[in-house]
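For reference, run-v4.txt (compact mmCIF, C-alpha atoms and all ligand atoms):
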```
# COMPACT_ATOMS: atom_id res chain seq x y z
CA MET A 245 4.95 2.04 29.00
CA ALA A 246 5.26 1.75 25.19
CA SER A 247 4.50 -1.74 23.90
CA LEU A 248 6.93 -3.65 21.70
CA HIS A 249 4.57 -3.05 18.81
CA ASP A 250 4.63 0.74 19.39
CA GLU A 251 8.44 0.66 19.53
CA GLU A 252 8.64 -1.27 16.27
CA SER A 253 6.24 1.13 14.56
CA ARG A 254 8.27 4.10 15.78
CA GLN A 255 11.46 2.47 14.50
CA ARG A 256 9.89 1.73 11.11
CA ARG A 257 8.67 5.31 10.76
CA PHE A 258 12.13 6.61 11.66
CA ILE A 259 13.81 4.34 9.10
CA GLU A 260 11.32 5.28 6.40
CA LYS A 261 12.16 8.95 6.94
CA LEU A 262 15.91 8.33 7.08
CA PRO A 263 17.69 9.60 3.93
CA LYS A 264 19.91 6.82 2.55
CA VAL A 265 22.47 5.82 -0.02
CA GLU A 266 22.37 2.49 -1.87
CA LEU A 267 25.73 1.25 -3.10
CA HIS A 268 25.16 -2.40 -4.02
CA ALA A 269 22.13 -2.94 -6.26
CA HIS A 270 22.23 -5.11 -9.39
CA LEU A 271 19.84 -3.60 -11.90
CA ASN A 272 18.11 -6.76 -13.07
CA GLY A 273 18.08 -8.27 -9.59
CA SER A 274 16.25 -5.18 -8.35
CA ILE A 275 13.20 -5.51 -10.61
CA SER A 276 9.94 -5.44 -8.66
CA GLN A 277 6.95 -7.72 -9.23
CA GLN A 278 4.97 -4.81 -10.71
CA THR A 279 7.66 -4.17 -13.30
CA ILE A 280 7.87 -7.89 -14.14
CA GLN A 281 4.12 -7.92 -14.79
CA ARG A 282 4.46 -4.86 -17.02
CA LEU A 283 7.30 -6.46 -18.98
CA ILE A 284 5.32 -9.68 -19.42
CA VAL A 285 2.41 -7.74 -20.94
CA LEU A 286 4.78 -5.94 -23.32
CA ARG A 287 6.45 -9.18 -24.32
CA ARG A 288 3.10 -10.84 -25.03
CA GLN A 289 2.09 -7.95 -27.27
CA ARG A 290 5.19 -8.65 -29.32
CA ASP A 291 4.91 -12.41 -29.17
CA PRO A 292 1.45 -13.75 -28.11
CA SER A 293 2.70 -17.33 -27.84
CA TRP A 294 5.53 -16.39 -25.45
CA ASN A 295 5.41 -18.34 -22.26
CA SER A 296 7.50 -17.47 -19.28
CA SER A 297 8.28 -19.28 -16.11
CA CYS A 298 8.89 -15.81 -14.68
CA GLU A 299 5.29 -15.60 -13.54
CA ASN A 300 5.54 -18.50 -11.13
CA ALA A 301 9.28 -18.76 -10.73
CA THR A 302 9.87 -15.31 -9.34
CA LEU A 303 11.06 -16.03 -5.96
CA GLU A 304 8.07 -16.72 -3.87
CA SER A 305 9.86 -18.77 -1.28
CA ARG A 306 12.36 -16.85 0.83
CA SER A 307 14.91 -19.57 1.10
CA LYS A 308 17.03 -20.18 -1.97
CA THR A 309 20.33 -21.65 -2.87
CA LEU A 310 22.81 -19.61 -4.85
CA ALA A 311 21.98 -21.82 -7.84
CA ASP A 312 18.26 -20.93 -7.48
CA CYS A 313 19.17 -17.25 -7.51
CA PHE A 314 21.20 -17.62 -10.67
CA ALA A 315 18.34 -19.51 -12.36
CA VAL A 316 16.12 -16.53 -11.61
CA PHE A 317 18.63 -14.12 -13.17
CA SER A 318 18.34 -16.09 -16.43
CA LEU A 319 14.57 -15.70 -16.38
CA LEU A 320 14.87 -11.98 -15.77
CA HIS A 321 17.44 -11.63 -18.54
CA ASP A 322 15.06 -13.38 -20.91
CA LEU A 323 12.44 -10.78 -20.08
CA VAL A 324 14.77 -7.76 -20.37
CA ASP A 325 15.79 -8.59 -23.92
CA ASN A 326 15.55 -5.20 -25.61
CA GLU A 327 16.38 -1.52 -25.03
CA GLU A 328 12.80 -0.51 -24.19
CA ALA A 329 12.65 -3.12 -21.44
CA ALA A 330 16.06 -1.99 -20.12
CA SER A 331 14.81 1.56 -20.02
CA ILE A 332 11.57 0.61 -18.19
CA VAL A 333 13.51 -1.43 -15.65
CA THR A 334 15.99 1.39 -14.98
CA ASN A 335 13.26 3.96 -14.61
CA ASP A 336 11.19 1.79 -12.24
CA VAL A 337 14.13 0.69 -10.10
CA ILE A 338 15.30 4.30 -9.64
CA ARG A 339 11.76 5.47 -8.82
CA GLU A 340 11.24 2.71 -6.27
CA PHE A 341 14.52 3.35 -4.48
CA ALA A 342 13.81 7.10 -4.42
CA GLN A 343 10.15 6.97 -3.42
CA ASP A 344 9.86 3.82 -1.32
CA ASP A 345 13.26 3.81 0.42
CA ASN A 346 14.08 7.53 0.50
CA VAL A 347 17.39 6.87 -1.27
CA LYS A 348 19.12 10.13 -2.24
CA TYR A 349 22.16 8.64 -3.98
CA ILE A 350 22.45 5.27 -5.69
CA GLU A 351 25.14 3.42 -7.58
CA LEU A 352 23.44 0.86 -9.79
CA ARG A 353 25.46 -1.88 -11.40
CA THR A 354 24.67 -3.95 -14.44
CA THR A 355 26.36 -6.43 -16.78
CA PRO A 356 26.47 -5.25 -20.42
CA ARG A 357 24.39 -7.87 -22.24
CA ALA A 358 23.70 -8.48 -25.94
CA MET A 359 20.55 -10.15 -27.26
CA PRO A 360 21.12 -11.05 -30.93
CA ALA A 361 17.45 -12.06 -31.39
CA THR A 362 16.26 -8.49 -30.81
CA GLY A 363 19.33 -6.68 -32.12
CA MET A 364 20.27 -5.40 -28.67
CA THR A 365 24.04 -5.03 -28.31
CA LYS A 366 26.01 -4.66 -25.09
CA GLU A 367 26.50 -1.01 -25.85
CA SER A 368 22.88 -0.28 -26.85
CA TYR A 369 21.79 -1.97 -23.62
CA VAL A 370 24.08 0.21 -21.50
CA ARG A 371 23.07 3.32 -23.45
CA ALA A 372 19.38 2.55 -22.80
CA VAL A 373 20.16 2.31 -19.07
CA LEU A 374 22.10 5.61 -19.16
CA SER A 375 19.38 7.37 -21.08
CA ALA A 376 16.76 6.29 -18.50
CA MET A 377 19.09 7.47 -15.71
CA ARG A 378 19.33 10.89 -17.33
CA LYS A 379 15.56 11.18 -17.78
CA SER A 380 14.77 10.37 -14.15
CA GLU A 381 13.04 13.27 -12.41
CA GLU A 382 13.30 11.79 -8.95
CA ASP A 383 15.16 13.53 -6.11
CA ILE A 384 18.12 11.13 -6.34
CA THR A 385 21.60 11.08 -7.88
CA VAL A 386 22.27 7.95 -9.92
CA ARG A 387 25.63 6.55 -11.02
CA LEU A 388 26.44 3.35 -12.92
CA LEU A 389 29.04 0.61 -12.54
CA LEU A 390 29.53 -1.84 -15.39
CA ALA A 391 29.79 -5.42 -14.18
CA ILE A 392 32.27 -8.09 -15.19
CA ASP A 393 30.67 -11.50 -14.79
CA ARG A 394 33.02 -14.09 -13.29
CA ARG A 395 31.82 -16.57 -15.94
CA THR A 396 32.92 -14.38 -18.81
CA SER A 397 36.17 -14.48 -20.81
CA ILE A 398 39.15 -12.18 -20.34
CA GLU A 399 38.41 -10.67 -23.76
CA ASP A 400 34.83 -9.83 -22.74
CA ALA A 401 36.04 -8.35 -19.49
CA ALA A 402 38.56 -6.21 -21.40
CA ASP A 403 35.71 -4.98 -23.63
CA THR A 404 33.75 -4.00 -20.54
CA LEU A 405 36.73 -2.04 -19.24
CA GLU A 406 37.04 -0.20 -22.57
CA MET A 407 33.31 0.56 -22.61
CA ALA A 408 33.35 1.84 -19.04
CA ASP A 409 36.38 4.04 -19.73
CA ARG A 410 34.83 5.46 -22.91
CA LEU A 411 31.39 6.05 -21.40
CA ARG A 412 32.80 7.60 -18.23
CA LYS A 413 34.42 10.30 -20.35
CA GLU A 414 31.44 10.65 -22.67
CA THR A 415 28.85 10.90 -19.86
CA ASN A 416 30.98 13.09 -17.65
CA GLY A 417 31.03 10.60 -14.82
CA LEU A 418 27.61 8.92 -14.95
CA VAL A 419 29.57 5.70 -15.45
CA ILE A 420 32.04 5.61 -12.59
CA GLY A 421 33.62 2.21 -12.47
CA LEU A 422 33.50 -1.55 -12.57
CA ASP A 423 31.87 -4.27 -10.54
CA LEU A 424 33.00 -7.89 -10.40
CA SER A 425 30.13 -10.28 -9.76
CA GLY A 426 28.44 -13.43 -11.04
CA ASP A 427 28.66 -16.99 -9.70
CA PRO A 428 30.92 -16.50 -6.65
CA THR A 429 32.33 -20.02 -6.89
CA LYS A 430 33.91 -19.28 -10.28
CA PRO A 431 37.56 -18.14 -10.03
CA ALA A 432 38.26 -14.49 -10.75
CA GLU A 433 42.05 -14.13 -10.49
CA LYS A 434 42.38 -14.06 -14.28
CA PHE A 435 40.67 -10.63 -14.25
CA ILE A 436 43.23 -9.00 -11.97
CA PRO A 437 45.33 -7.35 -14.75
CA ILE A 438 42.11 -5.84 -16.17
CA LEU A 439 41.04 -4.58 -12.76
CA LYS A 440 44.48 -3.03 -12.20
CA GLU A 441 44.33 -1.34 -15.59
CA ALA A 442 40.85 0.01 -14.73
CA LYS A 443 42.23 1.57 -11.55
CA LYS A 444 45.11 3.09 -13.48
CA ARG A 445 42.59 4.77 -15.77
CA GLY A 446 40.71 6.23 -12.81
CA LEU A 447 37.75 3.87 -12.75
CA LYS A 448 36.48 2.85 -9.31
CA LEU A 449 36.25 -0.83 -8.34
CA ALA A 450 33.50 -2.50 -6.32
CA LEU A 451 34.34 -6.19 -6.22
CA HIS A 452 32.36 -9.13 -4.86
CA ILE A 453 34.92 -10.80 -2.61
CA ALA A 454 34.59 -13.80 -0.27
CA GLU A 455 30.85 -14.12 -0.86
CA VAL A 456 31.32 -17.87 -0.36
CA ASN A 457 33.70 -19.78 1.88
CA ASN A 458 37.10 -21.24 0.99
CA MET A 459 38.21 -18.54 -1.46
CA THR A 460 41.12 -17.38 0.69
CA ASP A 461 43.79 -17.20 -2.05
CA GLU A 462 41.49 -15.45 -4.48
CA SER A 463 40.31 -13.02 -1.78
CA ARG A 464 43.91 -12.13 -0.94
CA ALA A 465 44.69 -11.52 -4.61
CA LEU A 466 41.58 -9.39 -5.19
CA LEU A 467 42.16 -7.38 -2.01
CA SER A 468 45.70 -6.65 -3.19
CA VAL A 469 44.48 -4.87 -6.36
CA PRO A 470 43.10 -3.07 -4.15
CA PRO A 471 39.36 -2.47 -4.67
CA ASP A 472 37.63 0.75 -3.60
CA ARG A 473 34.79 -1.21 -1.99
CA ILE A 474 34.12 -4.84 -1.14
CA GLY A 475 30.82 -6.54 -1.96
CA HIS A 476 29.71 -8.98 0.78
CA GLY A 477 33.12 -9.94 2.23
CA VAL A 478 31.33 -12.56 4.28
CA PHE A 479 34.40 -14.76 4.77
CA LEU A 480 37.19 -12.26 5.41
CA HIS A 481 37.07 -11.75 9.15
CA PRO A 482 39.04 -14.36 11.15
CA ASP A 483 35.91 -15.19 13.18
CA HIS A 484 34.02 -15.91 9.94
CA GLY A 485 36.15 -18.18 7.81
CA GLY A 486 38.78 -15.54 7.04
CA ASN A 487 42.19 -14.99 8.58
CA ALA A 488 44.48 -12.33 10.02
CA GLN A 489 45.99 -11.47 6.64
CA LEU A 490 42.59 -10.90 5.00
CA LEU A 491 41.58 -8.81 8.00
CA ARG A 492 44.75 -6.70 7.63
CA LEU A 493 44.25 -6.23 3.88
CA THR A 494 40.65 -5.12 4.47
CA HIS A 495 40.89 -3.17 7.72
CA GLY A 496 44.35 -1.63 7.20
CA PRO A 497 43.25 0.59 4.30
CA LYS A 498 39.65 0.57 5.67
CA ILE A 499 38.13 -0.69 2.42
CA PRO A 500 34.38 -0.21 2.93
CA ILE A 501 32.21 -3.34 2.92
CA GLU A 502 28.79 -3.46 1.27
CA ILE A 503 26.67 -5.51 3.68
CA CYS A 504 23.74 -7.41 2.18
CA LEU A 505 22.06 -9.17 5.12
CA THR A 506 18.94 -10.63 3.47
CA SER A 507 20.87 -11.70 0.38
CA ASN A 508 23.44 -13.61 2.46
CA VAL A 509 20.88 -15.36 4.65
CA THR A 510 18.46 -16.15 1.83
CA SER A 511 21.17 -17.58 -0.39
CA GLY A 512 22.52 -19.55 2.57
CA THR A 513 26.06 -18.16 2.84
CA VAL A 514 25.19 -17.01 6.36
CA LYS A 515 23.01 -19.31 8.45
CA VAL A 516 21.31 -16.76 10.69
CA ILE A 517 21.54 -12.98 10.72
CA GLN A 518 22.88 -12.87 14.28
CA ASP A 519 25.96 -14.74 12.98
CA HIS A 520 26.62 -12.18 10.24
CA CYS A 521 30.10 -10.63 10.31
CA PHE A 522 28.50 -7.14 10.24
CA SER A 523 28.71 -7.06 14.05
CA GLN A 524 32.45 -7.93 14.05
CA TRP A 525 33.27 -5.22 11.52
CA ARG A 526 31.21 -2.66 13.43
CA LEU A 527 32.98 -3.57 16.63
CA ILE A 528 36.35 -2.53 15.16
CA GLY A 529 34.89 0.60 13.52
CA HIS A 530 35.20 -0.68 9.96
CA PRO A 531 33.16 1.24 7.36
CA CYS A 532 30.04 -0.78 6.47
CA ILE A 533 27.15 0.17 4.22
CA LEU A 534 23.78 -1.57 4.36
CA CYS A 535 22.66 -2.55 0.85
CA THR A 536 19.98 -4.67 -0.84
CA ASP A 537 22.00 -6.56 -3.52
CA ASP A 538 18.89 -7.76 -5.43
CA LYS A 539 15.74 -6.33 -3.86
CA GLY A 540 13.49 -8.04 -6.43
CA VAL A 541 15.06 -11.47 -6.20
CA PHE A 542 15.29 -11.41 -2.40
CA SER A 543 11.96 -9.65 -1.79
CA THR A 544 13.53 -6.92 0.29
CA SER A 545 14.02 -3.15 0.29
CA LEU A 546 16.61 -0.82 1.77
CA ASN A 547 14.12 0.12 4.52
CA GLU A 548 13.79 -3.58 5.36
CA GLU A 549 17.57 -4.00 5.52
CA TYR A 550 17.83 -1.13 8.03
CA ILE A 551 14.91 -2.55 10.05
CA LEU A 552 16.57 -5.96 10.09
CA ALA A 553 19.94 -4.51 11.17
CA ALA A 554 18.27 -2.41 13.88
CA LYS A 555 16.42 -5.43 15.23
CA GLU A 556 19.16 -8.05 15.06
CA PHE A 557 22.06 -5.85 16.12
CA HIS A 558 20.13 -3.63 18.56
CA LEU A 559 20.92 -0.34 16.84
CA SER A 560 19.59 2.87 18.36
CA PHE A 561 18.08 5.65 16.23
CA GLU A 562 21.35 7.61 16.57
CA GLU A 563 23.36 4.58 15.44
CA LEU A 564 21.07 4.09 12.44
CA TRP A 565 21.44 7.75 11.59
CA ASP A 566 25.24 7.54 11.80
CA LEU A 567 25.30 4.36 9.71
CA SER A 568 23.35 6.07 6.95
CA LEU A 569 25.28 9.37 7.11
CA GLN A 570 28.68 7.67 7.20
CA SER A 571 27.79 5.62 4.10
CA ILE A 572 28.34 8.84 2.17
CA ASP A 573 32.09 8.54 2.87
CA SER A 574 32.12 5.38 0.71
CA ILE A 575 30.40 6.70 -2.42
CA PHE A 576 32.39 7.02 -5.63
CA GLU A 577 32.17 10.81 -5.82
CA SER A 578 34.28 13.88 -5.11
CA LYS A 579 34.89 15.37 -1.67
CA GLU A 580 32.73 18.38 -2.58
CA PHE A 581 29.86 16.15 -3.67
CA LYS A 582 30.06 14.20 -0.40
CA THR A 583 30.02 17.40 1.64
CA GLU A 584 26.92 18.61 -0.20
CA LEU A 585 25.16 15.28 0.21
CA LYS A 586 25.96 15.25 3.93
CA ALA A 587 24.50 18.74 4.24
CA LYS A 588 21.35 17.53 2.52
CA PHE A 589 21.09 14.61 4.95
CA LEU A 590 21.72 16.88 7.95
CA SER A 591 18.99 19.25 6.84
CA ALA A 592 16.57 16.30 7.11
CA LYS A 593 17.79 15.19 10.55
CA GLU A 594 15.31 17.09 12.69
CA ARG A 595 12.33 15.84 10.70
CA CYS A 596 13.69 12.32 10.97
CA PHE A 597 13.91 12.41 14.75
CA SER A 598 10.61 14.25 15.25
P1 LIG A 601 22.43 -7.42 -14.05
O1 LIG A 601 23.92 -7.37 -14.09
O2 LIG A 601 21.78 -6.08 -13.99
O3 LIG A 601 21.87 -8.25 -15.17
O4 LIG A 601 22.01 -8.11 -12.67
C1 LIG A 601 21.97 -9.50 -12.47
C2 LIG A 601 23.37 -10.08 -12.41
O5 LIG A 601 24.06 -9.58 -11.25
C3 LIG A 601 23.41 -11.59 -12.21
O6 LIG A 601 23.33 -12.27 -13.44
C4 LIG A 601 24.77 -11.80 -11.54
O7 LIG A 601 25.81 -11.85 -12.48
C5 LIG A 601 24.94 -10.55 -10.72
N1 LIG A 601 24.56 -10.77 -9.32
C6 LIG A 601 23.43 -10.42 -8.70
N2 LIG A 601 23.46 -10.78 -7.40
C7 LIG A 601 24.64 -11.37 -7.20
C8 LIG A 601 25.26 -11.93 -6.05
O8 LIG A 601 24.74 -11.98 -4.93
N3 LIG A 601 26.49 -12.47 -6.24
C9 LIG A 601 27.13 -12.44 -7.44
N4 LIG A 601 26.58 -11.91 -8.52
C10 LIG A 601 25.34 -11.37 -8.41
ZN ZN A 602 25.86 -8.48 -5.48
```
Written as structure tokens, that's how I'd like the structure from this file.
Ligand code: IMP
Ligand code: ZN
Amino acid sequence: MASLHDEESRQRRFIEKLPKVELHAHLNGSISQQTIQRLIVLRRQRDPSWNSSCENATLESRSKTLADCFAVFSLLHDLVDNEEAASIVTNDVIREFAQDDNVKYIELRTTPRAMPATGMTKESYVRAVLSAMRKSEEDITVRLLLAIDRRTSIEDAADTLEMADRLRKETNGLVIGLDLSGDPTKPAEKFIPILKEAKKRGLKLALHIAEVNNMTDESRALLSVPPDRIGHGVFLHPDHGGNAQLLRLTHGPKIPIEICLTSNVTSGTVKVIQDHCFSQWRLIGHPCILCTDDKGVFSTSLNEEYILAAKEFHLSFEELWDLSLQSIDSIFESKEFKTELKAKFLSAKERCFS
């Protein structure tokens, strides 16, 4: 009889071979330790007296509050303060997802950010990211969402919409839409007219909704836009702090939910994985996509998220396969593209199960 250890090894090998899509990855939250070390060396060449708390503050302990996570983002932003750093980060993050997690299609998201001290503007930052995306030689398709930070002003958010619209046309669809993220306790209803305008112009919307509890009114308003995908959605289901109306708004039009298990448990919005609403949504056949959120900050990977889901929710190899394949239905691409990507996945199926 196979031991538990053998079973786990078999499962890990299967998941490593599984082709995947990643639909919820914040660029700067996805930076690995190796890249951080590389950026520190570069920064010190420029400024020998520079001292960063990044070295010891990067997320050694697994348990953090949301405030801890946001403190880490500031440290990372301090390090990625110029176009070269943005380009290195983009290149490394794409390579890691492609090579380590066997991701074949990824939608990265990032907040346009200016750094007056180095001359980096919001647009030169985004252009550096796009240029690194184009140069990638990995076997992976990469798209970009521009993020609106909940803490920002309406004017800034409107600028982000204009930039996304312009760059989508200019890059022939490398930029595909908008994300709404940032401190989930900050109200976001003021951005709704901008989000509606974005939809009107054909941009896709992936919005962080109900990442924390007690945001029922805001969640209802954001779901009514409606978004094309929901980030987290931890408190929408009636069994998890939501209610019947939020369930209807989410499940009626089957708005896919980006599930970030480690992120939710580490930041404390979900106490233990077994309590995660992922199981409730699966039970009613709602489209769910396993994602990392911030693989650097939360010390995870997409493989680890699949392993965790398999273990905690008792998923068979076939169920894991279906979960990954069906994620393709939720990507922000054309029908033809999805069909081709599914064919690519299916051509890898036999090797996966062997
Ligand atoms: P960036 O946009 O590439 O700089 O990635 C980091 C940013 O993503 C953070 O400053 C936040 O605004 C956002 N972010 C990352 N993770 C989360 C999350 O779990 N909830 C809300 N916002 C997040
Ligand atoms: Zn997120």
By how many Å are atom CA of A:Ala342 and atom C7 of ligand LIG 601 (chain A) apart? 21.6 Å
All residues within 9 Å of ligand ZN 602 (chain A) are required, counting all atoms listed in the file; please report them as a PyMOL selection string. chain A and resi 268-270+273+353+423-426+451-452+455+475-476+502+504+507+536-538
Set the distance at 12 Å and use only C-alpha atoms: which residues neighbour A:Lys444 once local chain neighbours fewer than 6 positions away are removed? I'd like the list as a ChimeraX atom specification. /A:405,409,421,437-438,469-471
I'd like the interatomic distance between atom CA of A:Leu286 and atom CA of A:Ser318, to a tenth of an Å. 18.3 Å
So that I can see what lies close to A:Ile436, please list as number ranges by chain the residues with an atom at most 10 Å from it, counting all atoms listed in the file and leaving out residues fewer than 6 positions away in the same chain. A: 398, 442, 465-466, 468-470
Min atom-atom distance to A:Glu351 from the set A:Val386, A:Ala432, A:Ala246, A:Ala329, counting only C-alpha atoms, belongs to A:Val386
Would you list the residues near (37.5, -9.7, -19.5) (no more than 12 Å away, in the coordinates of the file, using only C-alpha atoms) as number ranges by chain? A: 355-356, 390-407, 422-424, 432-439, 441-442
Pick from A:Lys498, A:Arg357, A:Lys348, A:His530, whichever lies nearest to ligand LIG 601 (chain A) using only C-alpha atoms and all ligand atoms: A:Arg357
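Among A:Gly446, A:Asp383, A:Glu462, A:Trp565, the residue with the shortest atom-to-atom distance to A:Cys596, counting only C-alpha atoms, is A:Trp565.
Comparing A:Pro497, A:Gly477, A:Pro428, A:Pro360 by their smallest distance to ligand LIG 601 (chain A), the closest is A:Pro428 (using all atoms listed in the file).
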Reconstruct all heavy atoms of stretch 563-572 of chain A; output as an mmCIF file, in the frame of the given file.
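Output below, filename rebuild36.cif:
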```cif
data_model
loop_
_atom_site.group_PDB
_atom_site.id
_atom_site.type_symbol
_atom_site.label_atom_id
_atom_site.label_comp_id
_atom_site.auth_asym_id
_atom_site.auth_seq_id
_atom_site.Cartn_x
_atom_site.Cartn_y
_atom_site.Cartn_z
ATOM 1 N N GLU A 563 22.434 5.470 16.159
ATOM 2 C CA GLU A 563 23.360 4.580 15.440
ATOM 3 C C GLU A 563 22.897 4.350 13.990
ATOM 4 O O GLU A 563 23.712 4.281 13.061
ATOM 5 C CB GLU A 563 23.482 3.242 16.177
ATOM 6 C CG GLU A 563 24.338 3.360 17.443
ATOM 7 C CD GLU A 563 24.306 2.116 18.304
ATOM 8 O OE1 GLU A 563 23.233 1.481 18.432
ATOM 9 O OE2 GLU A 563 25.349 1.772 18.880
ATOM 10 N N LEU A 564 21.589 4.255 13.807
ATOM 11 C CA LEU A 564 21.070 4.090 12.440
ATOM 12 C C LEU A 564 21.354 5.342 11.621
ATOM 13 O O LEU A 564 21.740 5.265 10.448
ATOM 14 C CB LEU A 564 19.561 3.822 12.475
ATOM 15 C CG LEU A 564 19.155 2.455 13.021
ATOM 16 C CD1 LEU A 564 17.671 2.426 13.362
ATOM 17 C CD2 LEU A 564 19.482 1.354 12.009
ATOM 18 N N TRP A 565 21.164 6.471 12.267
ATOM 19 C CA TRP A 565 21.440 7.750 11.590
ATOM 20 C C TRP A 565 22.910 7.817 11.155
ATOM 21 O O TRP A 565 23.233 8.124 10.010
ATOM 22 C CB TRP A 565 21.073 8.921 12.505
ATOM 23 C CG TRP A 565 21.561 10.214 11.953
ATOM 24 C CD1 TRP A 565 22.736 10.839 12.224
ATOM 25 C CD2 TRP A 565 20.912 10.997 10.929
ATOM 26 N NE1 TRP A 565 22.863 11.977 11.464
ATOM 27 C CE2 TRP A 565 21.765 12.102 10.657
ATOM 28 C CE3 TRP A 565 19.709 10.885 10.228
ATOM 29 C CZ2 TRP A 565 21.443 13.073 9.722
ATOM 30 C CZ3 TRP A 565 19.395 11.860 9.290
ATOM 31 C CH2 TRP A 565 20.250 12.935 9.041
ATOM 32 N N ASP A 566 23.800 7.488 12.093
ATOM 33 C CA ASP A 566 25.240 7.540 11.800
ATOM 34 C C ASP A 566 25.617 6.563 10.676
ATOM 35 O O ASP A 566 26.419 6.879 9.806
ATOM 36 C CB ASP A 566 26.058 7.182 13.050
ATOM 37 C CG ASP A 566 26.009 8.309 14.074
ATOM 38 O OD1 ASP A 566 25.600 9.431 13.713
ATOM 39 O OD2 ASP A 566 26.361 8.053 15.248
ATOM 40 N N LEU A 567 25.019 5.382 10.728
ATOM 41 C CA LEU A 567 25.300 4.360 9.710
ATOM 42 C C LEU A 567 24.948 4.901 8.319
ATOM 43 O O LEU A 567 25.718 4.767 7.358
ATOM 44 C CB LEU A 567 24.461 3.117 10.022
ATOM 45 C CG LEU A 567 24.755 1.832 9.290
ATOM 46 C CD1 LEU A 567 26.193 1.396 9.519
ATOM 47 C CD2 LEU A 567 23.793 0.728 9.764
ATOM 48 N N SER A 568 23.791 5.544 8.232
ATOM 49 C CA SER A 568 23.350 6.070 6.950
ATOM 50 C C SER A 568 24.233 7.257 6.516
ATOM 51 O O SER A 568 24.714 7.304 5.378
ATOM 52 C CB SER A 568 21.890 6.505 7.049
ATOM 53 O OG SER A 568 21.466 6.984 5.807
ATOM 54 N N LEU A 569 24.467 8.188 7.453
ATOM 55 C CA LEU A 569 25.280 9.370 7.110
ATOM 56 C C LEU A 569 26.696 8.982 6.714
ATOM 57 O O LEU A 569 27.248 9.465 5.723
ATOM 58 C CB LEU A 569 25.304 10.349 8.295
ATOM 59 C CG LEU A 569 25.970 11.685 8.006
ATOM 60 C CD1 LEU A 569 25.093 12.567 7.109
ATOM 61 C CD2 LEU A 569 26.282 12.445 9.303
ATOM 62 N N GLN A 570 27.283 8.043 7.476
ATOM 63 C CA GLN A 570 28.680 7.670 7.200
ATOM 64 C C GLN A 570 28.819 6.888 5.890
ATOM 65 O O GLN A 570 29.919 6.814 5.331
ATOM 66 C CB GLN A 570 29.235 6.844 8.366
ATOM 67 C CG GLN A 570 29.575 7.736 9.558
ATOM 68 C CD GLN A 570 29.736 6.967 10.858
ATOM 69 O OE1 GLN A 570 29.794 5.739 10.853
ATOM 70 N NE2 GLN A 570 29.779 7.682 11.971
ATOM 71 N N SER A 571 27.736 6.321 5.403
ATOM 72 C CA SER A 571 27.790 5.620 4.100
ATOM 73 C C SER A 571 28.254 6.570 3.002
ATOM 74 O O SER A 571 28.844 6.143 2.002
ATOM 75 C CB SER A 571 26.418 5.061 3.720
ATOM 76 O OG SER A 571 25.965 4.179 4.701
ATOM 77 N N ILE A 572 27.974 7.840 3.194
ATOM 78 C CA ILE A 572 28.340 8.840 2.170
ATOM 79 C C ILE A 572 29.862 8.857 1.954
ATOM 80 O O ILE A 572 30.329 9.083 0.841
ATOM 81 C CB ILE A 572 27.812 10.240 2.567
ATOM 82 C CG1 ILE A 572 26.275 10.216 2.574
ATOM 83 C CG2 ILE A 572 28.341 11.329 1.637
ATOM 84 C CD1 ILE A 572 25.627 11.494 3.083
#
```
